[in-house]
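Q: One structure, as structure tokens, below. Some questions next.
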Amino acid sequence: MSELQQSLRQAIEKICARFGDDYWLKRDSDGKFPEEFYRALADDGWLGVCIPQDFGGSGLGIGEAAVMMETIAASGAGFSGASAVHMNIFGLNPVAVYGTPEQKKRMLPPIAAGKAKACFAVTEPNAGLETGKLQTRAERRGDRYVINGAKIWISTAQVADRMLILARSAPIEAGRRPTDGLSLFYTALDRRFVEVREIDKMGRKAVDSNALFIDGLEVPVADRIGEEGRGFEYILHGLNPERILVAAEAIGLGRAALARATAYAKERVVFGRPIGQNQAIQHPLAECWMELEAADLMMLKAAWQYDHGLPCAPAANAAKYLAAEAGFKACQTAIATHGGYGYAKEYHVERYFREMMIPKLAPVSPQLILCFIAEKVLGLPRSY
Ligand SMILES: Cc1cc2nc3c(=O)[nH]c(=O)nc-3n(C[C@H](O)[C@H](O)[C@H](O)COP(=O)(O)OP(=O)(O)OC[C@H]3O[C@@H](n4cnc5c(N)ncnc54)[C@H](O)[C@@H]3O)c2cc1C
């Protein structure tokens, strides 16, 4: 890690130390958005870590953002903490890259300052991972678009006041590829025209995920990012960095689980000795350490490639896959190490385990990553 990254890590650790495991356990049971935590990062200027300096951010790279997100998750904040700020950190990349100067000036500073909260609305009930099948329509009427449709799993839509949304502005048959004809908008989440219905889910209760029912939402043309019909391309540009950040978050949470398991293995005495003296306890923990380190290296490689303008898709996808697997194994091992206590909420590892399912499933599934590596790296025929 560079000196900058090391000092960044220390600064974030200092903030996270104010929000211990008990804070996150409470948020996990009451489901309240961790506003104090969000505010603490915003007040010290961390939400704009990747936003260009001209627009209120620090203009740092994805490598620095990854260190930040890993540190947040590793503090025990897990995905409750990381997902609360994830969208501020890199979500508005399409605006930073493809927005007009007027849009950047209008849209980026409130996100960097933590004055606006945004959600990212892509997934749809009838499309799943097949983005080309998105059905939500954006119909042009003079200087506005009118959006109608439904989205699913949209995180932070309960607290967000803006949304980055992908919608179909031309019929699927009109384009060369199914992903042609999708347009991207960053606009107000006007609840008069968008019903936001929370999904009761397995973990990360403090950061909501929702079904959105959009009925006649008017969006000014000035809120369209880039050209009409090219929204999918703009989203694609941000997918690799998103995978890198999710990998960093999974590694962080895996490390939090490993730290708890190791501490417990040292102090729990059964049969007259600490359980950590048994190889059957030690070896899985040692494996978790190695696998988390290896995933971390892949993640840092992907971040380095991205920050140096090099192709990074294989490494970014591999990092997301390996980090989710390693993190999941660490959480599972942490529960096993705690024995029955691992199942009790007050030992925290069951919460980590539930949250660790998220990077296994989203933003892309492990199966689709394997398909990507098989096809794009190994040159095997496309299987779907
Ligand atoms: C907690 C959480 C938060 C989320 N937040 C957001 C958000 O903020 N914004 C947003 O837009 N989305 C969000 N998502 C959605 C997430 O990105 C999707 O759930 C994910 O992309 C998978 O889509 P799906 O659930 O419809 O799965 P499906 O597409 O229905 O796939 C189901 C399963 O089938 C497998 N499968 C499908 N096709 C193939 C194939 N050809 N070969 C092999 N396997 C295949 C998949 O790998 C998967 O395991 C979130 C999801 C979760 C769980």
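Identifiers for the structure tokens are assigned positionally: chains receive A, B, ... in sequence, residues are indexed from 1 per chain, and ligands are indexed from 1 in the order shown.
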Taking only C-alpha atoms and all ligand atoms into account, which residues are within 6 Å of ligand 1, as a PyMOL selection string?
A: chain A and resi 120-123+128-129+153-155+209+358+361-365+367-368+384
Q: Would you mind listing, for every residue of range 169-273 of chain A within 12 Å of range 333-340 of chain A, the two atoms forming the shortest contact and the distance between them in Å to one decimal, using only C-alpha atoms, sorted by chain and ascending residue number, as CSV?
A:
```
residue,atom,partner,partner_atom,distance
A:Leu253,CA,A:Ala334,CA,11.4
A:Gly254,CA,A:Ala334,CA,9.2
A:Arg255,CA,A:Ala334,CA,10.2
A:Ala256,CA,A:Ala334,CA,9.5
A:Ala257,CA,A:Ala334,CA,5.7
A:Leu258,CA,A:Ala334,CA,6.2
A:Ala259,CA,A:Ala334,CA,8.7
A:Arg260,CA,A:Ala334,CA,7.1
A:Ala261,CA,A:Ala334,CA,4.7
A:Thr262,CA,A:Ala334,CA,8.1
A:Ala263,CA,A:His338,CA,10.1
A:Tyr264,CA,A:His338,CA,6.8
A:Ala265,CA,A:Thr337,CA,6.8
A:Lys266,CA,A:Thr337,CA,10.6
A:Glu267,CA,A:His338,CA,10.8
A:Arg268,CA,A:His338,CA,8.6
A:Val269,CA,A:His338,CA,11.5
A:Val270,CA,A:Gly339,CA,11.3
```
Q: Record the distance separating CA of Cys288 in chain A and CA of Ala17 in chain A, expressed in Å with one decimal.
A: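 Straight-line distance from CA of Cys288 in chain A to CA of Ala17 in chain A works out to 24.3 Å.
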Q: Could you check how far CA of Tyr347 in chain A sits from CA of Gly272 in chain A, in Å to one decimal?
A: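 If I compute the distance from CA of Tyr347 in chain A to CA of Gly272 in chain A, I get 22.6 Å.
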Q: Tell me, in Å to one decimal, how far CA of Gly48 in chain A is from CA of Ala113 in chain A.
A: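 Those two atoms sit 6.8 Å apart.
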Q: Excluding Gly31 in chain A and any residue of its chain fewer than 5 positions from it, enumerate the residues within 10 Å of it, using only C-alpha atoms, and give them as number ranges by chain.
A: A: 24-26, 80, 203-208
Q: Restricted to N, CA, C and O atoms, what would the selected residues look like written as a compact mmCIF listing (two decimals), in the first residue's frame?
A:
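Contents of the output file part_4.txt:
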```txt
# COMPACT_ATOMS: atom_id res chain seq x y z
N TRP A 24 -23.70 -1.53 15.29
CA TRP A 24 -24.18 -2.21 14.08
C TRP A 24 -25.20 -3.30 14.41
O TRP A 24 -26.13 -3.53 13.63
N LEU A 25 -25.03 -3.91 15.58
CA LEU A 25 -26.01 -4.91 16.01
C LEU A 25 -27.38 -4.24 16.22
O LEU A 25 -28.42 -4.76 15.84
N LYS A 26 -27.33 -3.03 16.80
CA LYS A 26 -28.57 -2.29 17.03
C LYS A 26 -29.24 -1.92 15.70
O LYS A 26 -30.44 -2.08 15.52
N SER A 80 -23.53 -3.37 6.25
CA SER A 80 -24.42 -2.30 6.73
C SER A 80 -23.72 -0.96 6.59
O SER A 80 -24.31 0.03 6.15
N GLY A 203 -30.47 -10.03 5.65
CA GLY A 203 -29.48 -9.28 6.43
C GLY A 203 -29.41 -7.84 5.97
O GLY A 203 -30.19 -7.41 5.12
N ARG A 204 -28.46 -7.09 6.54
CA ARG A 204 -28.24 -5.68 6.20
C ARG A 204 -29.54 -4.88 6.29
O ARG A 204 -29.85 -4.09 5.40
N LYS A 205 -30.23 -5.11 7.41
CA LYS A 205 -31.54 -4.47 7.55
C LYS A 205 -31.45 -2.94 7.54
O LYS A 205 -32.39 -2.26 7.13
N ALA A 206 -30.32 -2.40 8.01
CA ALA A 206 -30.18 -0.94 8.11
C ALA A 206 -30.10 -0.27 6.74
O ALA A 206 -30.33 0.93 6.63
N VAL A 207 -29.75 -1.03 5.74
CA VAL A 207 -29.69 -0.45 4.39
C VAL A 207 -30.75 -1.18 3.56
O VAL A 207 -30.60 -2.34 3.18
N ASP A 208 -31.84 -0.44 3.33
CA ASP A 208 -33.03 -1.02 2.71
C ASP A 208 -32.82 -1.42 1.25
O ASP A 208 -31.99 -0.85 0.55
```
Q: How close does range 216-313 of chain A get to range 50-59 of chain A? List, as CSV, each residue of range 216-313 of chain A within 12 Å, its nearest atom pair and the distance in Å to one decimal, counting only C-alpha atoms.
A:
```
residue,atom,partner,partner_atom,distance
A:Pro241,CA,A:Cys50,CA,10.9
A:Leu245,CA,A:Cys50,CA,11.8
A:Asp307,CA,A:Cys50,CA,11.0
```
Q: Emit the selected residues as a JSON list (two decimals), in the first residue's frame, including N, CA and C atoms.
A:
```json
[["chain", "number", "residue", "atom", "x", "y", "z"],
["A", 241, "PRO", "N", -15.12, -1.13, -11.70],
["A", 241, "PRO", "CA", -14.82, -0.54, -10.39],
["A", 241, "PRO", "C", -15.82, -0.96, -9.32],
["A", 245, "LEU", "N", -14.89, -2.66, -5.70],
["A", 245, "LEU", "CA", -15.32, -2.18, -4.38],
["A", 245, "LEU", "C", -16.05, -3.26, -3.60],
["A", 307, "ASP", "N", -6.85, 2.08, -12.28],
["A", 307, "ASP", "CA", -6.31, 3.42, -12.04],
["A", 307, "ASP", "C", -5.21, 3.80, -13.05]]
```
Q: Got a sec: who's within 8 Å of range 171-184 of chain A, counting only C-alpha atoms, leaving out chain neighbours fewer than 3 positions off, as a tab-separated table (two decimals) with N, CA and C atoms, in the first residue's frame?
A:
```tsv
chain	number	residue	atom	x	y	z
A	131	THR	N	-29.73	-7.80	-18.73
A	131	THR	CA	-30.04	-6.36	-18.78
A	131	THR	C	-30.71	-5.95	-20.09
A	132	GLY	N	-30.39	-6.66	-21.16
A	132	GLY	CA	-31.01	-6.35	-22.46
A	132	GLY	C	-32.52	-6.50	-22.45
A	133	LYS	N	-33.05	-7.19	-21.46
A	133	LYS	CA	-34.51	-7.40	-21.40
A	133	LYS	C	-35.23	-6.37	-20.53
A	138	ALA	N	-38.87	4.86	-21.06
A	138	ALA	CA	-38.70	6.32	-20.93
A	138	ALA	C	-39.15	6.91	-22.27
A	164	LEU	N	-30.21	7.11	-10.03
A	164	LEU	CA	-29.59	6.89	-11.33
A	164	LEU	C	-30.37	5.71	-11.92
A	165	ILE	N	-31.07	5.96	-13.01
A	165	ILE	CA	-31.98	4.92	-13.51
A	165	ILE	C	-31.75	4.64	-14.99
A	166	LEU	N	-31.80	3.35	-15.31
A	166	LEU	CA	-31.64	2.91	-16.70
A	166	LEU	C	-33.02	2.49	-17.21
A	167	ALA	N	-33.43	3.08	-18.34
A	167	ALA	CA	-34.77	2.77	-18.88
A	167	ALA	C	-34.70	2.72	-20.39
A	168	ARG	N	-35.65	2.01	-20.95
A	168	ARG	CA	-35.67	1.80	-22.40
A	168	ARG	C	-36.32	2.99	-23.12
A	224	ARG	N	-30.82	13.65	-18.47
A	224	ARG	CA	-30.32	12.47	-19.18
A	224	ARG	C	-28.80	12.54	-19.24
A	225	ILE	N	-28.15	11.44	-18.90
A	225	ILE	CA	-26.68	11.42	-18.94
A	225	ILE	C	-26.25	10.89	-20.30
A	226	GLY	N	-25.44	11.67	-21.00
A	226	GLY	CA	-24.93	11.25	-22.31
A	226	GLY	C	-26.02	11.21	-23.35
A	227	GLU	N	-25.75	10.43	-24.40
A	227	GLU	CA	-26.70	10.38	-25.52
A	227	GLU	C	-27.85	9.43	-25.24
A	228	GLU	N	-28.98	9.74	-25.90
A	228	GLU	CA	-30.13	8.84	-25.79
A	228	GLU	C	-29.75	7.47	-26.37
A	229	GLY	N	-30.16	6.40	-25.67
A	229	GLY	CA	-29.97	5.05	-26.20
A	229	GLY	C	-28.61	4.42	-25.91
A	230	ARG	N	-27.70	5.19	-25.26
A	230	ARG	CA	-26.36	4.62	-25.01
A	230	ARG	C	-26.10	4.39	-23.52
A	231	GLY	N	-27.19	4.36	-22.74
A	231	GLY	CA	-27.05	4.25	-21.28
A	231	GLY	C	-26.32	3.01	-20.82
A	232	PHE	N	-26.53	1.89	-21.51
A	232	PHE	CA	-25.89	0.65	-21.07
A	232	PHE	C	-24.37	0.76	-21.15
A	234	TYR	N	-22.65	3.40	-20.76
A	234	TYR	CA	-22.17	4.26	-19.67
A	234	TYR	C	-22.13	3.47	-18.36
```
Q: Run DSSP on the backbone and give me the residues of range 267-309 of chain A it puts in strand (DSSP E or B), as a list in words.
A: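 DSSP on the backbone gives strand (DSSP E or B) at Val269, Val270, Arg273 and Pro274 of chain A.
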Q: Near Gln103 in chain A, within 8 Å and counting only C-alpha atoms, which residues show up once chain neighbours fewer than 6 positions away are dropped, as an NGL selection string?
A: :A and (95 or 222-223)
Q: Create the file for the chosen residues now, containing all heavy atoms and written as an mmCIF file, in the first residue's frame.
A:
```cif
data_model
loop_
_atom_site.group_PDB
_atom_site.id
_atom_site.type_symbol
_atom_site.label_atom_id
_atom_site.label_comp_id
_atom_site.auth_asym_id
_atom_site.auth_seq_id
_atom_site.Cartn_x
_atom_site.Cartn_y
_atom_site.Cartn_z
ATOM 1 N N VAL A 95 -21.835 9.964 -14.325
ATOM 2 C CA VAL A 95 -21.998 11.430 -14.423
ATOM 3 C C VAL A 95 -20.617 12.071 -14.538
ATOM 4 O O VAL A 95 -20.387 12.959 -15.373
ATOM 5 C CB VAL A 95 -22.757 11.993 -13.189
ATOM 6 C CG1 VAL A 95 -22.823 13.511 -13.253
ATOM 7 C CG2 VAL A 95 -24.145 11.371 -13.089
ATOM 8 N N ALA A 222 -32.673 17.504 -19.411
ATOM 9 C CA ALA A 222 -31.400 17.939 -18.803
ATOM 10 C C ALA A 222 -30.861 16.913 -17.810
ATOM 11 O O ALA A 222 -29.688 16.978 -17.427
ATOM 12 C CB ALA A 222 -31.606 19.280 -18.103
ATOM 13 N N ASP A 223 -31.700 15.966 -17.385
ATOM 14 C CA ASP A 223 -31.248 14.934 -16.433
ATOM 15 C C ASP A 223 -30.799 13.656 -17.137
ATOM 16 O O ASP A 223 -30.476 12.674 -16.474
ATOM 17 C CB ASP A 223 -32.365 14.591 -15.437
ATOM 18 C CG ASP A 223 -32.557 15.695 -14.404
ATOM 19 O OD1 ASP A 223 -31.775 16.665 -14.432
ATOM 20 O OD2 ASP A 223 -33.479 15.577 -13.581
#
```
Q: Going by DSSP on the backbone, which bits of range 5-202 of chain A are alpha helix (DSSP H)? Write them as number ranges by chain, please.
A: A: 5-16, 21-30, 35-43, 62-72, 78-86, 93-98, 101-112
Q: Identify, on the basis of only C-alpha atoms, every residue whose closest approach to Asn210 in chain A does not exceed 9 Å; exclude the query and any residue fewer than 4 positions from it along the same chain; express the result as a PyMOL selection string.
A: chain A and resi 151-158+196-200
Q: Pick the closest to Asp28 in chain A from A:Ala127, A:Ser7, A:Arg351, A:Arg191: which is it, counting only C-alpha atoms?
A: A:Arg351
